[in-house]
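Enquirer: Have a look at this one before I ask anything.
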Amino acid sequence: MKLGYSLSSEEMHPTDMVRWGAQAEAAGFSGIAISDHFHPWTNRQGQSPFVWDVLGALCAVTHDLRLGTSVTCPTVRIHPAILAQAAATTQAMARGRFFFGVGSGEALNEHILGDRWPEVDVRLDMLREAVEVMRRLWTGEQVSHHGRHYTVENAQLYTLPDQPPPVIVSGFGPKAAQLAAEIGDGYFGTQPSSELLETYERAGGTGPKLALMKVCWGPDEQAARELAYELWPTIGISGELSQELPVPAHFEQATENVSVDDVADAISCGPDPAVHLASVRKYADAGYDEVFVQQIGPAQDEFFKFWTDEMSPEL
């Protein structure tokens, strides 16, 4: 299993993300995944830069590292024809190193223009049509499309990569995992469970299986647990609630009963490499091909030293 590095747009300044992206390549990570948000999950996280600016800068400061979104919703906030152009330009700048992670999104980011936030089956149908539109545009031909959800007239992309970016589809339930098998070039998950991976494979999915994994390294375990809770109490939210709440304040209300232990039980915290290795092993045992590790908090430089000195020899 490959191990990549995850950049959190929700808690990182874009200039820092570019610097840390270059460090991730030097540290030997397999790739970079970057979240695509309009809002952070909570106000305490405090950031939310435009992902395509950051990706352009990452293309310039990295050379061999794979880059991708984790994930973009190409259905409501931004029309899929515009995202097709953004992804094509990024793939051209990255010289084929870009992968386009897509998903059905959250109200948190997608409701901002006053558009209706539809139920999940409609959102999945929109995602299916959006991927169709983008793939047609990546051929370089003039495209007119009059579909159930999207209209495109006389659109043609002129800046194209040698190969279109692979589309990696996220799935948090069986319907989404099945859709990933139907329309995707791979699957994106967040949990070290084999159940959805098996659903993806039974539905005919053959592409790579990617995942995100949060950790909170720190020299003091209790301090790391408390920092993880401060920045990511949303780890304690289960079910579909995270797709339905519209603003960060609502997520803060929804996590009032989440405890430090609830968050720390779900992710590895502290200085012990064995604890973090055990978390990595869960994803490997579940069947993932590549996992992108997100270090929670500002201590990214220290995390890279820990990863190089203590984790890499064990891995």
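Just so we're on the same page: first chain in the structure tokens is A, next is B, and so on; residues restart at 1 for each chain, and ligands are numbered from 1 in the order they show up.
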Find the spatial neighbours of range 178-189 of chain A, counting only C-alpha atoms, within a cut-off of 10 Å - ignore same-chain residues fewer than 5 positions away - and output them as a PDB file with C-alpha atoms, in the first residue's frame.

Expert:
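What ended up in around_38.pdb:
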ATOM      1  CA  SER A  70     -10.220  14.830  -2.033  1.00  0.00           C
ATOM      2  CA  VAL A  71     -12.800  15.572  -3.158  1.00  0.00           C
ATOM      3  CA  PHE A  99      -6.199  12.762 -10.365  1.00  0.00           C
ATOM      4  CA  PHE A 100      -9.670  14.263 -10.025  1.00  0.00           C
ATOM      5  CA  GLY A 101     -11.430  13.096  -6.872  1.00  0.00           C
ATOM      6  CA  VAL A 102     -15.162  13.800  -7.074  1.00  0.00           C
ATOM      7  CA  GLY A 103     -18.164  13.243  -4.841  1.00  0.00           C
ATOM      8  CA  LEU A 124     -25.813  10.829  -7.242  1.00  0.00           C
ATOM      9  CA  ASP A 125     -27.691  11.186 -10.531  1.00  0.00           C
ATOM     10  CA  LEU A 127     -22.761  13.325 -10.267  1.00  0.00           C
ATOM     11  CA  ARG A 128     -23.245  10.688 -12.955  1.00  0.00           C
ATOM     12  CA  GLU A 129     -24.287  13.314 -15.511  1.00  0.00           C
ATOM     13  CA  VAL A 131     -18.825  13.117 -15.042  1.00  0.00           C
ATOM     14  CA  GLU A 132     -20.334  12.387 -18.457  1.00  0.00           C
ATOM     15  CA  PRO A 165      -7.267  12.935 -15.463  1.00  0.00           C
ATOM     16  CA  PRO A 166      -8.533   9.741 -13.844  1.00  0.00           C
ATOM     17  CA  VAL A 167     -11.810  10.318 -12.020  1.00  0.00           C
ATOM     18  CA  ILE A 168     -11.760   8.870  -8.497  1.00  0.00           C
ATOM     19  CA  VAL A 169     -15.285   8.740  -7.048  1.00  0.00           C
ATOM     20  CA  SER A 170     -15.875   8.949  -3.310  1.00  0.00           C
ATOM     21  CA  GLY A 171     -18.491   6.794  -1.655  1.00  0.00           C
ATOM     22  CA  PHE A 172     -19.783   6.785   1.925  1.00  0.00           C
ATOM     23  CA  GLY A 173     -22.649   4.346   1.314  1.00  0.00           C
ATOM     24  CA  LEU A 196     -17.729  -0.588   0.851  1.00  0.00           C
ATOM     25  CA  LEU A 197     -14.622  -1.767  -0.994  1.00  0.00           C
ATOM     26  CA  GLU A 198     -16.313  -5.131  -1.480  1.00  0.00           C
ATOM     27  CA  THR A 199     -19.445  -3.369  -2.731  1.00  0.00           C
ATOM     28  CA  TYR A 200     -17.306  -1.408  -5.196  1.00  0.00           C
ATOM     29  CA  GLU A 201     -15.614  -4.559  -6.480  1.00  0.00           C
ATOM     30  CA  ARG A 202     -18.852  -6.584  -6.695  1.00  0.00           C
ATOM     31  CA  ALA A 203     -20.315  -3.793  -8.827  1.00  0.00           C
ATOM     32  CA  GLY A 204     -17.436  -4.155 -11.270  1.00  0.00           C
ATOM     33  CA  GLY A 205     -14.994  -1.574  -9.933  1.00  0.00           C
ATOM     34  CA  THR A 206     -11.408  -2.375 -10.855  1.00  0.00           C
ATOM     35  CA  GLY A 207      -9.608   0.932 -10.305  1.00  0.00           C
ATOM     36  CA  PRO A 208      -7.356   1.894  -7.397  1.00  0.00           C
ATOM     37  CA  LYS A 209      -8.905   2.251  -3.952  1.00  0.00           C
ATOM     38  CA  LEU A 210      -7.788   5.414  -2.139  1.00  0.00           C
ATOM     39  CA  ALA A 211      -8.526   6.695   1.359  1.00  0.00           C
ATOM     40  CA  LEU A 212      -7.919   9.570   3.745  1.00  0.00           C
ATOM     41  CA  MET A 213      -6.582   8.975   7.258  1.00  0.00           C
ATOM     42  CA  TYR A 288      -6.874   0.071   0.175  1.00  0.00           C
ATOM     43  CA  ASP A 289      -4.144   0.676  -2.389  1.00  0.00           C
ATOM     44  CA  GLU A 290      -3.140   4.159  -1.229  1.00  0.00           C
ATOM     45  CA  VAL A 291      -3.851   6.178   1.908  1.00  0.00           C
TER      46      VAL A 291
END

Enquirer: Please give the complete set of residues from range 42-223 of chain A that DSSP, run on the backbone, assigns to helix (DSSP H, G or I), formatted as JSON, numbers by chain.

Expert: {"A": [51, 52, 53, 54, 55, 56, 57, 58, 59, 60, 61, 80, 81, 82, 83, 84, 85, 86, 87, 88, 89, 90, 91, 92, 93, 107, 108, 109, 110, 120, 121, 122, 123, 124, 125, 126, 127, 128, 129, 130, 131, 132, 133, 134, 135, 136, 137, 174, 175, 176, 177, 178, 179, 180, 181, 182, 183, 195, 196, 197, 198, 199, 200, 201, 202, 221, 222, 223]}

Enquirer: Report, in Å to a single decimal, how far apart CA of Val293 in chain A and CA of Glu195 in chain A are.

Expert: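 If I compute the distance from CA of Glu195 in chain A to CA of Val293 in chain A, I get 21.0 Å.
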
Enquirer: With distances taken over only C-alpha atoms, which of A:Leu245, A:Ala24, A:Ile78, A:Val61 is nearest to Trp117 in chain A?

Expert: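 Counting only C-alpha atoms, the residue closest to Trp117 in chain A is A:Leu245.
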
Enquirer: Using only C-alpha atoms, determine which residues lie at most 10 Å from Phe306 in chain A, disregarding the query and same-chain residues fewer than 5 positions distant; provide the list as a list in words.

Expert: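 The neighbour list is Trp217, Gly218, Pro219, Pro271, Asp272, Pro273, Gln300, Asp301, Met311 and Ser312 of chain A.
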
Enquirer: Store the residues of this selection in a file with C-alpha atoms, as a PDB file, in the first residue's frame.

Expert:
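Wrote again-v6.pdb, looks like this:
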ATOM      1  CA  TRP A 217       1.194  13.479  16.032  1.00  0.00           C
ATOM      2  CA  GLY A 218       2.588  15.436  18.976  1.00  0.00           C
ATOM      3  CA  PRO A 219       5.205  14.999  21.700  1.00  0.00           C
ATOM      4  CA  PRO A 271       4.297  10.473  19.755  1.00  0.00           C
ATOM      5  CA  ASP A 272       4.315   6.655  19.569  1.00  0.00           C
ATOM      6  CA  PRO A 273       4.986   5.435  15.999  1.00  0.00           C
ATOM      7  CA  GLN A 300       3.514  19.994  10.019  1.00  0.00           C
ATOM      8  CA  ASP A 301       7.284  20.552   9.932  1.00  0.00           C
ATOM      9  CA  MET A 311       7.747   6.112  10.623  1.00  0.00           C
ATOM     10  CA  SER A 312       9.539   5.585   7.319  1.00  0.00           C
TER      11      SER A 312
END
